[in-house]
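Note: the block below is upload30.txt and it holds compact mmCIF, C-alpha atoms and all ligand atoms.
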# COMPACT_ATOMS: atom_id res chain seq x y z
CA MET Q 1 22.37 50.03 -45.17
CA ARG Q 2 21.88 47.98 -48.35
CA SER Q 3 23.92 49.05 -51.36
CA LYS Q 4 22.10 49.53 -54.67
CA LEU Q 5 22.46 47.17 -57.62
CA VAL Q 6 21.44 47.78 -61.24
CA ALA Q 7 21.60 44.81 -63.61
CA GLY Q 8 21.05 44.89 -67.35
CA ASN Q 9 19.30 41.92 -68.90
CA TRP Q 10 20.17 41.99 -72.59
CA LYS Q 11 17.90 38.99 -73.30
CA MET Q 12 18.52 37.48 -76.76
CA ASN Q 13 19.97 40.62 -78.30
CA GLY Q 14 23.34 41.72 -79.60
CA ASN Q 15 26.19 40.51 -81.77
CA LEU Q 16 29.96 40.85 -81.59
CA ALA Q 17 29.99 44.28 -83.21
CA SER Q 18 27.06 45.82 -81.33
CA ASN Q 19 28.27 44.38 -77.99
CA GLN Q 20 31.70 45.85 -78.55
CA ALA Q 21 30.14 49.27 -79.14
CA LEU Q 22 27.77 49.04 -76.16
CA LEU Q 23 30.32 47.73 -73.66
CA THR Q 24 33.07 50.14 -74.64
CA SER Q 25 30.59 53.05 -74.33
CA LEU Q 26 29.50 51.84 -70.90
CA VAL Q 27 33.01 51.74 -69.44
CA PRO Q 28 33.60 55.52 -69.29
CA LEU Q 29 29.93 56.28 -68.56
CA LEU Q 30 29.84 54.00 -65.53
CA ALA Q 31 33.36 54.74 -64.25
CA PRO Q 32 32.26 57.63 -62.00
CA ILE Q 33 29.57 55.44 -60.38
CA SER Q 34 31.35 53.75 -57.50
CA VAL Q 35 28.65 53.08 -54.90
CA THR Q 36 26.07 51.26 -57.05
CA ARG Q 37 26.95 47.79 -58.29
CA CYS Q 38 26.47 47.78 -62.07
CA VAL Q 39 26.04 44.45 -63.86
CA VAL Q 40 25.34 43.34 -67.44
CA CYS Q 41 23.79 39.90 -68.06
CA VAL Q 42 24.66 38.86 -71.60
CA PRO Q 43 23.91 35.83 -73.82
CA TYR Q 44 26.30 32.90 -73.17
CA PRO Q 45 28.33 33.13 -76.40
CA TYR Q 46 29.37 36.68 -75.54
CA LEU Q 47 30.60 36.05 -72.00
CA ALA Q 48 34.22 35.80 -73.16
CA GLN Q 49 33.93 39.03 -75.12
CA THR Q 50 32.30 40.75 -72.14
CA GLU Q 51 34.98 39.48 -69.77
CA GLN Q 52 37.69 40.75 -72.08
CA ILE Q 53 36.22 44.25 -72.28
CA LEU Q 54 34.99 44.67 -68.69
CA ARG Q 55 37.66 42.95 -66.57
CA GLY Q 56 39.12 45.43 -64.10
CA LYS Q 57 36.70 48.17 -65.15
CA GLY Q 58 34.40 48.14 -62.11
CA ILE Q 59 31.40 46.68 -63.97
CA SER Q 60 30.33 43.09 -63.26
CA TRP Q 61 28.78 40.67 -65.73
CA GLY Q 62 26.54 37.67 -65.55
CA ALA Q 63 24.42 35.11 -67.37
CA GLN Q 64 20.65 35.06 -67.91
CA ASP Q 65 20.00 31.46 -66.90
CA VAL Q 66 21.83 28.19 -66.19
CA CYS Q 67 21.03 24.52 -66.26
CA GLN Q 68 20.11 23.09 -62.86
CA TYR Q 69 22.62 20.24 -63.28
CA GLU Q 70 26.38 20.40 -62.80
CA HIS Q 71 27.52 18.38 -65.81
CA GLY Q 72 26.62 15.36 -67.89
CA ALA Q 73 24.32 14.31 -70.70
CA TYR Q 74 22.20 17.48 -70.93
CA THR Q 75 22.55 18.48 -74.56
CA GLY Q 76 22.46 22.25 -74.93
CA GLY Q 77 22.77 22.83 -71.20
CA VAL Q 78 25.19 25.35 -69.71
CA SER Q 79 26.17 24.91 -66.07
CA ALA Q 80 26.83 27.55 -63.42
CA GLY Q 81 30.42 26.30 -63.22
CA MET Q 82 30.84 26.98 -66.95
CA VAL Q 83 29.67 30.59 -66.73
CA ALA Q 84 31.87 31.06 -63.64
CA ASP Q 85 34.83 30.14 -65.85
CA PHE Q 86 34.19 33.39 -67.73
CA GLY Q 87 34.31 35.61 -64.66
CA CYS Q 88 30.54 35.89 -64.16
CA ARG Q 89 29.46 36.96 -60.70
CA TYR Q 90 25.70 36.94 -61.24
CA VAL Q 91 23.11 34.66 -62.84
CA ILE Q 92 19.44 35.52 -63.39
CA VAL Q 93 17.16 32.64 -62.36
CA GLY Q 94 13.40 32.33 -62.69
CA HIS Q 95 12.91 35.19 -65.13
CA SER Q 96 9.24 35.23 -66.19
CA GLU Q 97 10.26 34.56 -69.80
CA ARG Q 98 12.01 31.36 -68.68
CA ARG Q 99 8.98 30.40 -66.61
CA ALA Q 100 6.44 31.17 -69.35
CA LEU Q 101 8.30 30.19 -72.54
CA PHE Q 102 10.72 27.47 -71.40
CA GLY Q 103 8.70 25.75 -68.71
CA ASP Q 104 10.82 26.61 -65.66
CA THR Q 105 8.66 25.54 -62.72
CA ASP Q 106 9.11 26.79 -59.15
CA GLU Q 107 10.97 23.54 -58.43
CA VAL Q 108 13.35 23.96 -61.38
CA VAL Q 109 13.95 27.59 -60.43
CA ALA Q 110 14.81 26.47 -56.88
CA GLN Q 111 17.26 23.89 -58.29
CA LYS Q 112 18.88 26.52 -60.49
CA PHE Q 113 19.14 28.87 -57.51
CA VAL Q 114 21.04 26.20 -55.58
CA ALA Q 115 23.28 25.42 -58.59
CA VAL Q 116 24.25 29.09 -58.89
CA LEU Q 117 25.11 29.40 -55.20
CA LYS Q 118 27.10 26.16 -55.32
CA ALA Q 119 29.26 27.61 -58.10
CA GLY Q 120 30.04 30.59 -55.85
CA LEU Q 121 27.90 33.03 -57.86
CA THR Q 122 25.05 35.35 -56.88
CA PRO Q 123 21.57 34.43 -58.14
CA ILE Q 124 19.29 37.27 -59.23
CA PHE Q 125 16.11 35.43 -58.36
CA CYS Q 126 13.02 36.78 -60.16
CA VAL Q 127 9.47 36.69 -58.88
CA GLY Q 128 6.37 38.40 -60.20
CA GLU Q 129 2.69 38.06 -61.01
CA THR Q 130 0.84 38.26 -64.33
CA LEU Q 131 -1.87 40.84 -64.93
CA ALA Q 132 -4.57 38.17 -64.60
CA GLU Q 133 -3.14 37.11 -61.24
CA ARG Q 134 -3.03 40.72 -59.99
CA GLU Q 135 -6.56 41.42 -61.17
CA SER Q 136 -7.98 38.28 -59.64
CA GLY Q 137 -6.44 39.15 -56.28
CA VAL Q 138 -3.92 36.31 -56.00
CA MET Q 139 -0.76 38.38 -56.48
CA GLU Q 140 0.33 37.93 -52.88
CA GLN Q 141 -0.09 34.14 -52.99
CA VAL Q 142 1.82 33.88 -56.29
CA ILE Q 143 4.80 35.83 -54.98
CA ALA Q 144 4.75 33.88 -51.71
CA ARG Q 145 4.66 30.56 -53.60
CA GLN Q 146 7.61 31.55 -55.80
CA LEU Q 147 9.66 32.71 -52.80
CA ASP Q 148 8.74 29.75 -50.62
CA ALA Q 149 9.87 27.26 -53.29
CA VAL Q 150 13.41 28.61 -53.05
CA MET Q 151 13.39 29.02 -49.27
CA ALA Q 152 12.07 25.48 -48.84
CA LYS Q 153 14.88 24.05 -50.93
CA SER Q 154 17.82 26.07 -49.63
CA GLY Q 155 16.64 27.68 -46.40
CA ALA Q 156 15.98 31.39 -45.99
CA VAL Q 157 19.61 31.85 -44.98
CA ALA Q 158 20.69 31.05 -48.56
CA LEU Q 159 19.09 34.33 -49.63
CA GLU Q 160 22.00 36.00 -47.88
CA GLY Q 161 24.06 35.36 -51.00
CA ALA Q 162 21.32 36.41 -53.41
CA VAL Q 163 19.41 39.28 -54.94
CA VAL Q 164 15.63 39.11 -55.41
CA ALA Q 165 14.10 40.87 -58.42
CA TYR Q 166 10.43 41.77 -58.35
CA GLU Q 167 9.24 41.87 -61.95
CA PRO Q 168 5.49 42.15 -62.49
CA VAL Q 169 4.96 40.32 -65.78
CA TRP Q 170 2.53 43.02 -66.97
CA ALA Q 171 5.29 45.63 -66.73
CA ILE Q 172 7.98 43.75 -68.66
CA GLY Q 173 8.66 45.23 -72.07
CA THR Q 174 5.24 46.87 -72.10
CA GLY Q 175 6.20 50.44 -71.20
CA LYS Q 176 3.79 50.08 -68.22
CA THR Q 177 5.98 50.57 -65.16
CA ALA Q 178 4.57 49.75 -61.74
CA SER Q 179 4.18 52.99 -59.81
CA PRO Q 180 6.80 53.49 -57.09
CA GLU Q 181 4.05 52.89 -54.50
CA GLN Q 182 2.82 49.69 -56.20
CA ALA Q 183 6.36 48.34 -56.42
CA GLN Q 184 7.21 49.39 -52.85
CA ALA Q 185 4.16 47.54 -51.54
CA VAL Q 186 5.30 44.27 -53.13
CA HIS Q 187 8.94 44.76 -52.13
CA ALA Q 188 7.81 45.21 -48.52
CA LEU Q 189 5.72 42.08 -48.84
CA ILE Q 190 8.71 40.10 -50.12
CA ARG Q 191 10.94 41.38 -47.33
CA GLY Q 192 8.22 40.54 -44.82
CA ARG Q 193 7.88 37.00 -46.14
CA VAL Q 194 11.63 36.41 -45.79
CA ALA Q 195 11.62 38.09 -42.35
CA GLU Q 196 9.11 35.52 -41.10
CA GLN Q 197 11.92 33.00 -41.50
CA ASP Q 198 15.02 35.14 -40.95
CA MET Q 199 14.84 38.78 -39.93
CA ARG Q 200 18.56 39.45 -40.35
CA VAL Q 201 18.67 38.02 -43.89
CA ALA Q 202 15.52 39.97 -44.80
CA ASP Q 203 17.06 43.25 -43.63
CA GLY Q 204 20.18 42.79 -45.73
CA LEU Q 205 18.48 41.35 -48.82
CA PRO Q 206 18.74 43.51 -51.95
CA ILE Q 207 15.32 43.53 -53.65
CA ILE Q 208 15.45 45.15 -57.09
CA TYR Q 209 12.57 46.14 -59.35
CA GLY Q 210 12.22 45.28 -63.04
CA GLY Q 211 9.65 46.17 -65.67
CA SER Q 212 9.96 49.13 -68.05
CA VAL Q 213 12.54 50.97 -65.94
CA LYS Q 214 14.01 53.94 -67.82
CA ALA Q 215 16.40 56.73 -66.93
CA SER Q 216 13.36 59.00 -66.58
CA ASN Q 217 11.48 56.91 -63.99
CA ALA Q 218 14.36 55.18 -62.16
CA ALA Q 219 15.04 57.81 -59.48
CA GLN Q 220 11.44 57.76 -58.17
CA LEU Q 221 11.45 53.97 -57.97
CA PHE Q 222 14.87 53.78 -56.32
CA ALA Q 223 13.84 56.37 -53.72
CA MET Q 224 11.39 53.91 -52.15
CA PRO Q 225 12.68 52.35 -48.91
CA ASP Q 226 12.55 48.71 -50.05
CA ILE Q 227 13.63 49.18 -53.69
CA ASP Q 228 17.35 48.52 -53.86
CA GLY Q 229 17.95 48.98 -57.58
CA GLY Q 230 16.68 47.59 -60.86
CA LEU Q 231 16.71 44.77 -63.39
CA ILE Q 232 16.68 46.47 -66.76
CA GLY Q 233 15.68 44.91 -70.09
CA GLY Q 234 15.17 47.17 -73.12
CA ALA Q 235 16.86 50.22 -71.63
CA SER Q 236 20.04 48.24 -70.89
CA LEU Q 237 20.73 48.02 -74.64
CA VAL Q 238 21.25 51.78 -74.90
CA ALA Q 239 24.44 52.93 -73.16
CA GLU Q 240 23.23 56.40 -72.13
CA GLU Q 241 19.91 55.05 -70.83
CA PHE Q 242 21.55 52.31 -68.79
CA ALA Q 243 24.13 54.73 -67.42
CA GLY Q 244 21.32 57.16 -66.54
CA ILE Q 245 19.57 54.40 -64.58
CA CYS Q 246 22.80 53.45 -62.76
CA LYS Q 247 23.33 57.14 -61.88
CA ALA Q 248 19.77 57.37 -60.54
CA ALA Q 249 20.65 54.58 -58.10
CA GLY Q 250 23.26 56.91 -56.53
P1 LIG E 301 12.09 45.62 -69.56
O1 LIG E 301 12.49 44.13 -69.10
O2 LIG E 301 12.99 46.57 -68.79
O3 LIG E 301 12.36 45.66 -71.03
O4 LIG E 301 10.67 45.83 -69.21
C1 LIG E 301 12.83 43.84 -67.77
C2 LIG E 301 13.19 42.37 -67.65
O5 LIG E 301 12.55 41.53 -68.29
O6 LIG E 301 14.12 42.00 -66.91
Show how you would write the structure in this file as structure tokens.
Amino acid sequence: MRSKLVAGNWKMNGNLASNQALLTSLVPLLAPISVTRCVVCVPYPYLAQTEQILRGKGISWGAQDVCQYEHGAYTGGVSAGMVADFGCRYVIVGHSERRALFGDTDEVVAQKFVAVLKAGLTPIFCVGETLAERESGVMEQVIARQLDAVMAKSGAVALEGAVVAYEPVWAIGTGKTASPEQAQAVHALIRGRVAEQDMRVADGLPIIYGGSVKASNAAQLFAMPDIDGGLIGGASLVAEEFAGICKAAG
């Protein structure tokens, strides 16, 4: 039985004062939720603040990206080891915004995935198709290509220490959620693709859904057999909404 995971992706939002308010509200709201793993992925400068507020409170935290390299002359880069210094347990890699706006290729995403594992952290590895890709019938190939790039670099067995997030690009921040059936179909496809290489890893792999998840639609999504939780953007910035989503995960 896979346990559920709900991760908030704050993206480039927040400041010291608003983070303080959000995190301190989340602590009592999420305290009764013991089965679901609840995570907040915050901007780098606020990792220390997040660690200070959340340590020992049963909520994990993470980063939204890392550099693929360990250290050296990479101005502006932040390594997985650096975020681990601040108690992070999770790092999002391959988010569609990184792929589309910052040029993260499948190869770079695979390198980042390896860097995160090497630092002892859990990658939340995102895959997903654009609307044009879905409409032109290549959704399956796109998802397979994104998954295969990581499995080719690290072996399917490396997914044992990871979470996969299916995030259809057309559903991110648009208010257009994939229906539970649409999402389930792709989650099953992802699990099947991993199972071709390693059945045991595929069975245990948490596959979470992201794209306009709200407290009001989370329970239906999370009830599907291959949907093991959610990656939450906009709704993770509102304490009651995020807590409602975590509760819907059980
Ligand atoms: P959204 O974003 O929940 O605001 O659609 C999800 C994500 O990008 O991770």
Inset, instruction - Would you kindly return, as a VMD selection string, each protein, DNA or RNA residue with an atom no farther than 7 Å from any atom of range 201-204 of chain Q, considering all atoms listed in the file and excluding same-chain residues fewer than 4 positions away? - result: chain Q and resid 2 157 159 to 160 191 194 to 195
Kindly assemble as a Markdown table a list of the chain Q residues that lie within 10 Å of ligand LIG 301 (chain E), each paired with its nearest atom pair and their distance in Å to one decimal, using all atoms listed in the file, sorted first by chain and then by ascending residue number.
| residue | atom | partner | partner_atom | distance |
| --- | --- | --- | --- | --- |
| Q:Ala7 | CA | E:LIG301 | O6 | 8.6 |
| Q:Gly8 | CA | E:LIG301 | O6 | 7.5 |
| Q:Asn9 | CA | E:LIG301 | O6 | 5.5 |
| Q:Trp10 | CA | E:LIG301 | O6 | 8.3 |
| Q:Lys11 | CA | E:LIG301 | O5 | 7.8 |
| Q:Cys41 | CA | E:LIG301 | O6 | 10.0 |
| Q:Gln64 | CA | E:LIG301 | O6 | 9.6 |
| Q:Ile92 | CA | E:LIG301 | O6 | 9.1 |
| Q:His95 | CA | E:LIG301 | O5 | 7.1 |
| Q:Ser96 | CA | E:LIG301 | O5 | 7.4 |
| Q:Glu97 | CA | E:LIG301 | O5 | 7.5 |
| Q:Cys126 | CA | E:LIG301 | O6 | 8.6 |
| Q:Ala165 | CA | E:LIG301 | O6 | 8.6 |
| Q:Tyr166 | CA | E:LIG301 | O6 | 9.3 |
| Q:Glu167 | CA | E:LIG301 | C2 | 7.0 |
| Q:Pro168 | CA | E:LIG301 | O5 | 9.2 |
| Q:Val169 | CA | E:LIG301 | O5 | 8.1 |
| Q:Trp170 | CA | E:LIG301 | O4 | 8.9 |
| Q:Ala171 | CA | E:LIG301 | O4 | 5.9 |
| Q:Ile172 | CA | E:LIG301 | O4 | 3.4 |
| Q:Gly173 | CA | E:LIG301 | O4 | 3.5 |
| Q:Thr174 | CA | E:LIG301 | O4 | 6.2 |
| Q:Gly175 | CA | E:LIG301 | O4 | 6.7 |
| Q:Lys176 | CA | E:LIG301 | O4 | 8.1 |
| Q:Thr177 | CA | E:LIG301 | O4 | 7.8 |
| Q:Tyr209 | CA | E:LIG301 | C1 | 8.7 |
| Q:Gly210 | CA | E:LIG301 | C1 | 5.0 |
| Q:Gly211 | CA | E:LIG301 | O4 | 3.7 |
| Q:Ser212 | CA | E:LIG301 | O4 | 3.6 |
| Q:Val213 | CA | E:LIG301 | O2 | 5.3 |
| Q:Lys214 | CA | E:LIG301 | O2 | 7.5 |
| Q:Gly230 | CA | E:LIG301 | O6 | 8.6 |
| Q:Leu231 | CA | E:LIG301 | O6 | 5.2 |
| Q:Ile232 | CA | E:LIG301 | O2 | 4.2 |
| Q:Gly233 | CA | E:LIG301 | O2 | 3.4 |
| Q:Gly234 | CA | E:LIG301 | O3 | 3.8 |
| Q:Ala235 | CA | E:LIG301 | O2 | 6.0 |
| Q:Ser236 | CA | E:LIG301 | O2 | 7.5 |
| Q:Leu237 | CA | E:LIG301 | O3 | 9.4 |
Return as JSON the centre and edge lengths, in Å with one decimal, of the box along x, y and z that encloses every atom of range 94-97 of chain Q in the file, padded by 5 Å per side.
{"center_x": 11.3, "center_y": 33.8, "center_z": -66.2, "size_x": 14.2, "size_y": 12.9, "size_z": 17.1}
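The interatomic distance for the pair CA of Val109 in chain Q and CA of Asp226 in chain Q works out to 23.6 Å.
The two atoms in question, CA of Gly81 in chain Q and CA of Leu121 in chain Q, are spaced 9.0 Å apart.
If you look at CA of Ala48 in chain Q and CA of Val127 in chain Q, they are 28.6 Å away from each other.
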Find the spatial neighbours of Gly244 in chain Q, counting all atoms listed in the file, within a cut-off of 9 Å - ignore same-chain residues fewer than 2 positions away - and output them as a compact mmCIF listing (two decimals) with C-alpha atoms, in the coordinates of the input.
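Listed below is the output, around-v4.txt:
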# COMPACT_ATOMS: atom_id res chain seq x y z
CA LEU Q 29 29.93 56.28 -68.56
CA LYS Q 214 14.01 53.94 -67.82
CA ALA Q 215 16.40 56.73 -66.93
CA SER Q 216 13.36 59.00 -66.58
CA ALA Q 218 14.36 55.18 -62.16
CA ALA Q 239 24.44 52.93 -73.16
CA GLU Q 240 23.23 56.40 -72.13
CA GLU Q 241 19.91 55.05 -70.83
CA PHE Q 242 21.55 52.31 -68.79
CA CYS Q 246 22.80 53.45 -62.76
CA LYS Q 247 23.33 57.14 -61.88
CA ALA Q 248 19.77 57.37 -60.54
CA ALA Q 249 20.65 54.58 -58.10
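The neighbours of range 66-72 of chain Q here are the residues that come within 9 Å of it, using all atoms listed in the file and leaving out any residue fewer than 4 positions away in the same chain; they are Q:Gly77, Q:Val78, Q:Ser79, Q:Ala80, Q:Gly81, Q:Met82, Q:Val83, Q:Val91, Q:Ile92, Q:Val93, Q:Val108, Q:Val109, Q:Ala110, Q:Gln111, Q:Lys112, Q:Phe113, Q:Val114, Q:Ala115, Q:Val116.
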Give me the residues of range 89-163 of chain Q that have any atom at most 12 Å from an atom of range 179-188 of chain Q; for each, the nearest atom pair and the distance in Å, rounded to one decimal. Use all atoms listed in the file, sort by chain and number, and format it as a tab-separated table.
residue	atom	partner	partner_atom	distance
Q:Val127	CA	Q:Val186	CA	10.4
Q:Gly128	CA	Q:Val186	CA	9.3
Q:Glu129	CA	Q:Val186	CA	10.4
Q:Arg134	CA	Q:Gln182	CA	11.4
Q:Met139	CA	Q:Val186	CA	9.1
Q:Glu140	CA	Q:Val186	CA	8.1
Q:Gln141	CA	Q:Val186	CA	11.5
Q:Val142	CA	Q:Val186	CA	11.4
Q:Ile143	CA	Q:Val186	CA	8.7
Q:Ala144	CA	Q:Val186	CA	10.5
Based on the selection just made, write C-alpha atoms of those residues as a CSV table (one decimal), in the coordinates of the input.
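For reference, part.csv as written:
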chain,number,residue,atom,x,y,z
Q,127,VAL,CA,9.5,36.7,-58.9
Q,128,GLY,CA,6.4,38.4,-60.2
Q,129,GLU,CA,2.7,38.1,-61.0
Q,134,ARG,CA,-3.0,40.7,-60.0
Q,139,MET,CA,-0.8,38.4,-56.5
Q,140,GLU,CA,0.3,37.9,-52.9
Q,141,GLN,CA,-0.1,34.1,-53.0
Q,142,VAL,CA,1.8,33.9,-56.3
Q,143,ILE,CA,4.8,35.8,-55.0
Q,144,ALA,CA,4.8,33.9,-51.7
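Every residue within 12 Å of the file position (38.9, 48.2, -66.1), judged by all atoms listed in the file, is given as Leu23, Thr24, Leu26, Val27, Pro28, Leu30, Ala31, Thr50, Glu51, Gln52, Ile53, Leu54, Arg55, Gly56, Lys57, Gly58, Ile59 and Ser60 of chain Q.
Among the candidates Q:Thr122, Q:Gln220, Q:Ser34, Q:Thr75, the residue lying nearest to Val163 in chain Q is Q:Thr122 (atoms considered: only C-alpha atoms).
Residue nearest Gly94 in chain Q, chosen from Q:Leu147, Q:Leu47, Q:Ala156, Q:Ile227 and counting all atoms listed in the file: Q:Leu147.
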